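coords_38.cif (mmCIF, C-alpha atoms) appears below.
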data_query
#
loop_
_atom_site.label_atom_id
_atom_site.label_comp_id
_atom_site.auth_asym_id
_atom_site.auth_seq_id
_atom_site.Cartn_x
_atom_site.Cartn_y
_atom_site.Cartn_z
CA MET D 1 -10.33 -24.60 -8.41
CA GLN D 2 -10.72 -20.90 -7.69
CA SER D 3 -10.73 -19.49 -4.17
CA VAL D 4 -11.04 -16.25 -2.31
CA SER D 5 -10.56 -15.39 1.37
CA PHE D 6 -11.90 -12.36 3.23
CA THR D 7 -13.33 -11.12 6.51
CA ILE D 8 -16.93 -10.15 7.32
CA LYS D 9 -18.48 -8.59 10.40
CA GLY D 10 -21.85 -9.44 11.87
CA ALA D 11 -25.04 -11.06 10.71
CA GLU D 12 -25.83 -8.27 8.24
CA GLN D 13 -22.74 -8.97 6.14
CA THR D 14 -23.31 -12.73 6.44
CA VAL D 15 -26.83 -12.30 5.02
CA LYS D 16 -25.43 -10.05 2.27
CA LEU D 17 -22.88 -12.74 1.41
CA GLY D 18 -25.76 -15.19 0.96
CA THR D 19 -27.58 -12.66 -1.24
CA LEU D 20 -24.53 -12.12 -3.45
CA LEU D 21 -23.81 -15.81 -3.89
CA SER D 22 -27.48 -16.48 -4.65
CA ALA D 23 -27.39 -13.87 -7.42
CA LEU D 24 -24.59 -15.86 -9.08
CA CYS D 25 -25.73 -19.43 -8.41
CA VAL D 26 -29.46 -19.35 -9.12
CA PRO D 27 -29.08 -18.09 -12.71
CA LEU D 28 -26.40 -20.76 -13.29
CA CYS D 29 -28.70 -23.45 -11.93
CA LYS D 30 -31.40 -22.39 -14.38
CA LYS D 31 -29.00 -22.00 -17.30
CA LEU D 32 -27.23 -25.32 -16.75
CA GLN D 33 -30.48 -27.11 -15.83
CA ARG D 34 -28.77 -29.05 -13.06
CA SER D 35 -28.24 -29.04 -9.34
CA ILE D 36 -25.58 -26.90 -7.69
CA LEU D 37 -24.17 -28.15 -4.40
CA ILE D 38 -22.86 -25.63 -1.88
CA ASN D 39 -21.19 -27.12 1.19
CA LEU D 40 -21.36 -24.88 4.26
CA GLU D 41 -18.57 -25.59 6.73
CA GLY D 42 -17.90 -24.07 10.15
CA ASP D 43 -18.39 -24.53 13.86
CA LEU D 44 -21.72 -24.08 15.65
CA GLY D 45 -22.71 -20.42 15.46
CA ALA D 46 -20.27 -19.59 12.66
CA GLY D 47 -23.06 -18.23 10.42
CA LYS D 48 -24.07 -21.10 8.14
CA THR D 49 -27.80 -20.70 8.74
CA THR D 50 -27.54 -16.89 8.62
CA PHE D 51 -25.86 -17.21 5.23
CA SER D 52 -28.67 -19.55 4.11
CA LYS D 53 -31.28 -16.98 5.18
CA GLY D 54 -29.66 -14.40 2.91
CA PHE D 55 -29.37 -16.88 0.03
CA ILE D 56 -32.99 -18.05 0.23
CA GLY D 57 -34.37 -14.57 0.99
CA ALA D 58 -32.68 -13.20 -2.14
CA CYS D 59 -34.87 -15.58 -4.15
CA GLY D 60 -38.01 -13.89 -2.87
CA TYR D 61 -38.82 -16.11 0.11
CA ASN D 62 -40.25 -13.76 2.74
CA ASP D 63 -41.07 -16.15 5.57
CA VAL D 64 -38.76 -17.32 8.36
CA VAL D 65 -35.84 -19.50 7.22
CA ARG D 66 -35.08 -22.02 9.95
CA SER D 67 -32.25 -24.48 10.25
CA PRO D 68 -33.64 -27.94 9.43
CA THR D 69 -31.73 -29.54 12.30
CA TYR D 70 -34.43 -32.07 13.13
CA THR D 71 -35.99 -32.56 9.68
CA LEU D 72 -32.61 -32.74 7.87
CA VAL D 73 -33.95 -30.84 4.84
CA GLU D 74 -36.23 -27.88 4.21
CA PRO D 75 -37.46 -27.38 0.63
CA TYR D 76 -38.09 -23.97 -0.96
CA GLU D 77 -39.92 -24.10 -4.28
CA PHE D 78 -39.60 -21.30 -6.84
CA GLU D 79 -40.49 -20.97 -10.50
CA ASN D 80 -38.24 -23.27 -12.58
CA TYR D 81 -35.97 -24.32 -9.66
CA SER D 82 -35.83 -25.27 -5.99
CA ILE D 83 -33.54 -24.67 -3.06
CA TYR D 84 -32.96 -27.44 -0.55
CA HIS D 85 -31.45 -26.45 2.78
CA PHE D 86 -29.89 -29.43 4.55
CA ASP D 87 -28.60 -29.48 8.12
CA LEU D 88 -26.86 -32.79 8.77
CA TYR D 89 -25.63 -31.99 12.28
CA ARG D 90 -27.84 -34.64 13.90
CA LEU D 91 -27.31 -37.25 11.19
CA LEU D 92 -26.21 -40.48 12.85
CA ASP D 93 -25.42 -42.53 9.76
CA PRO D 94 -24.95 -41.35 6.15
CA GLU D 95 -27.12 -44.28 5.08
CA GLU D 96 -30.13 -42.38 6.49
CA LEU D 97 -29.77 -40.04 3.52
CA GLU D 98 -30.22 -42.95 1.12
CA TYR D 99 -33.52 -43.83 2.84
CA MET D 100 -34.80 -40.30 2.37
CA GLY D 101 -33.92 -40.34 -1.35
CA ILE D 102 -30.97 -37.94 -1.25
CA ARG D 103 -30.03 -38.61 -4.88
CA ASP D 104 -33.43 -37.32 -6.05
CA TYR D 105 -32.58 -33.86 -4.69
CA PHE D 106 -29.60 -33.62 -7.05
CA SER D 107 -31.41 -34.83 -10.17
CA LYS D 108 -33.15 -31.56 -11.10
CA PRO D 109 -32.42 -27.83 -11.36
CA CYS D 110 -31.88 -26.78 -7.76
CA VAL D 111 -29.40 -25.35 -5.33
CA CYS D 112 -28.56 -27.54 -2.34
CA LEU D 113 -27.16 -25.74 0.69
CA VAL D 114 -25.63 -28.38 2.98
CA GLU D 115 -24.59 -27.62 6.54
CA TRP D 116 -22.28 -30.20 8.13
CA PRO D 117 -21.50 -32.01 4.83
CA ASP D 118 -18.75 -34.06 6.52
CA LYS D 119 -21.52 -36.10 8.19
CA ALA D 120 -22.50 -37.46 4.75
CA GLN D 121 -19.12 -38.48 3.39
CA GLY D 122 -19.42 -40.90 0.51
CA VAL D 123 -23.08 -40.05 -0.13
CA LEU D 124 -23.07 -36.48 -1.43
CA PRO D 125 -21.73 -35.59 -4.88
CA SER D 126 -18.66 -33.36 -5.14
CA PRO D 127 -19.53 -29.78 -4.21
CA ASP D 128 -19.54 -26.99 -6.77
CA ILE D 129 -18.78 -24.47 -4.03
CA VAL D 130 -17.39 -24.82 -0.52
CA LEU D 131 -18.04 -21.94 1.88
CA LYS D 132 -15.96 -22.06 5.06
CA LEU D 133 -16.82 -19.77 7.95
CA SER D 134 -14.59 -19.47 11.01
CA TYR D 135 -14.38 -17.19 14.00
CA LEU D 136 -11.98 -14.30 14.33
CA GLU D 137 -12.07 -11.89 17.28
CA GLN D 138 -15.07 -9.70 16.37
CA SER D 139 -15.59 -11.00 12.84
CA ARG D 140 -15.67 -14.11 10.64
CA GLN D 141 -13.05 -15.39 8.24
CA VAL D 142 -14.64 -16.60 5.00
CA VAL D 143 -13.05 -18.85 2.40
CA ILE D 144 -14.94 -19.69 -0.78
CA GLU D 145 -13.60 -22.43 -3.03
CA SER D 146 -15.31 -23.15 -6.32
CA ASN D 147 -15.11 -25.29 -9.42
CA LEU D 148 -18.15 -23.46 -10.78
CA LEU D 149 -17.43 -19.76 -10.30
CA GLY D 150 -14.46 -17.97 -11.82
CA LYS D 151 -11.98 -15.70 -10.08
CA ALA D 152 -13.73 -12.56 -11.37
CA GLU D 153 -17.06 -13.73 -9.93
CA LEU D 154 -15.51 -14.55 -6.57
CA ASP D 155 -13.70 -11.21 -6.47
CA SER D 156 -16.98 -9.42 -7.25
CA ILE D 157 -18.50 -10.93 -4.11
CA VAL D 158 -15.74 -9.42 -1.97
CA GLN D 159 -16.02 -6.02 -3.70
CA ASN D 160 -19.81 -5.90 -3.30
CA LEU D 161 -19.69 -6.77 0.40
CA ASN D 162 -18.05 -3.41 1.17
#

Could I get this file's structure written as structure tokens?
Amino acid sequence: MQSVSFTIKGAEQTVKLGTLLSALCVPLCKKLQRSILINLEGDLGAGKTTFSKGFIGACGYNDVVRSPTYTLVEPYEFENYSIYHFDLYRLLDPEELEYMGIRDYFSKPCVCLVEWPDKAQGVLPSPDIVLKLSYLEQSRQVVIESNLLGKAELDSIVQNLN
């Protein structure tokens, strides 16, 4: 597993991080013709939804990207692939995901962004990428761990953020 750790400041850099990761993951999703799971970890307000806005916006979606806190999932359909943005914060029982057909989301070319993945332990497949966001004084600490992206790709994200 490859990993990289760095610091970002503000919503603008969080959106840019989403844009940069989207530019790497979406082509891979299309090339591999499979789902890519990105777990988004961090406390409330750490920037998970802001990251998702950058990721989805980079694909050409120009409307408002909202956190699907009450609907659990928000689909975004594009040519030849989809993005599914999950927010599992209010999930009471992982079994609820089985009732909504969670496995179907991972059976086609798509990128699944999952906020609060720990709420679905035992139901979700292993993530391809884990993005951890945590608070520092006036910034955010970011750790990206990946079985999908190589060290050079992860390092390029850090370089392009500056």

message: My list of candidates is D:Asp43, D:Lys108, D:Ile36, D:Thr19. Which is closest to D:Ala58 when distances are computed with all atoms listed in the file?
response: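 Nearest candidate to D:Ala58 out of D:Asp43, D:Lys108, D:Ile36, D:Thr19: D:Thr19.
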
query: For the atom pair atom CA of D:Leu149 and atom CA of D:Asp118, what is the interatomic distance in Å to one decimal place?
result: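 Computing the Euclidean distance for atom CA of D:Leu149 and atom CA of D:Asp118 yields 22.1 Å.
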
task: Please measure the separation of atom CA of D:Ser126 and atom CA of D:Thr49, giving the value in Å to one decimal.
output: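 We find that atom CA of D:Ser126 and atom CA of D:Thr49 lie 20.9 Å from each other.
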
message: Using all atoms listed in the file, can you tell me which of D:Val4, D:Leu136, D:Met100, D:Cys59 comes closest to D:Leu24?
response: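 When distances to D:Leu24 are compared using all atoms listed in the file, the smallest one comes from D:Cys59.
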
message: Once the PyMOL selection byres ((chain D and resi 113) around 9) has been evaluated on this model, what residues remain selected, and can you format them as number ranges by chain?
response: D: 36-40, 52, 83-87, 111-112, 114-115

With 4 Å of padding per side, what axis-aligned box (centre and edge lengths, Å, one decimal) covers all the listed atoms of stretch 146-156 of chain D? Give it as AutoDock Vina command-line options.
--center_x -15.1 --center_y -17.4 --center_z -9.1 --size_x 14.2 --size_y 23.9 --size_z 13.5

field: Coordinates-based distance that separates atom CA of D:Gly18 from atom CA of D:Gly54 (Å, one decimal)
entry: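 Between atom CA of D:Gly54 and atom CA of D:Gly18 the gap is 4.4 Å.
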
- request: Translate the PyMOL selection byres ((chain D and resi 28) around 12), as applied to the file shown, into an explicit residue set as a ChimeraX atom specification.
  value: /D:21-27,29-37,81,109-111,128,148-149

Result set of the PyMOL selection byres ((chain D and resi 95) around 12) on the coordinates above, as a PyMOL selection string: chain D and resi 91-94+96-103+119-124

message: Here is a test: counting only C-alpha atoms, which residue of D:Asp104, D:Glu12, D:Glu41, D:Asp63 is nearest to D:Leu131?
response: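 Ranked by minimum distance to D:Leu131, first place goes to D:Glu41.
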
- request: Enumerate, as a ChimeraX atom specification, the protein, DNA and RNA residues whose atoms approach (-34.8, -35.2, 10.5) to within 9 Å, taking into account all atoms listed in the file and the coordinate frame of the file.
  value: /D:68-73,87-88,90-91

Please dump the current selection as an mmCIF file, keeping the file's coordinate frame; keep C-alpha atoms.
data_model
loop_
_atom_site.group_PDB
_atom_site.id
_atom_site.type_symbol
_atom_site.label_atom_id
_atom_site.label_comp_id
_atom_site.auth_asym_id
_atom_site.auth_seq_id
_atom_site.Cartn_x
_atom_site.Cartn_y
_atom_site.Cartn_z
ATOM 1 C CA PRO D 68 -33.640 -27.940 9.430
ATOM 2 C CA THR D 69 -31.730 -29.540 12.300
ATOM 3 C CA TYR D 70 -34.430 -32.070 13.130
ATOM 4 C CA THR D 71 -35.990 -32.560 9.680
ATOM 5 C CA LEU D 72 -32.610 -32.740 7.870
ATOM 6 C CA VAL D 73 -33.950 -30.840 4.840
ATOM 7 C CA ASP D 87 -28.600 -29.480 8.120
ATOM 8 C CA LEU D 88 -26.860 -32.790 8.770
ATOM 9 C CA ARG D 90 -27.840 -34.640 13.900
ATOM 10 C CA LEU D 91 -27.310 -37.250 11.190
#

task: Return the single residue from D:Gly150, D:Pro75, D:Pro127, D:Gly42 that is closest to D:Ile56, with distances computed using only C-alpha atoms.
output: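 Answer, going by the shortest atom-to-atom distance: D:Pro75.
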
Pick from D:Asn62, D:Ser67, D:Thr7, D:Ser107, whichever lies nearest to D:Val143 using only C-alpha atoms: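 With only C-alpha atoms as the atom set, the closest residue is D:Thr7.
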
task: Can you pull out every residue within 7 Å of D:Thr14, counting only C-alpha atoms, but drop anything in the same chain fewer than 3 positions away, and send it as number ranges by chain?
output: D: 8, 10-11, 17-18, 47, 50-51

Residue among D:Phe78, D:Lys16, D:Trp116, D:Gln2 lying closest to D:Gln159, counting all atoms listed in the file: D:Lys16
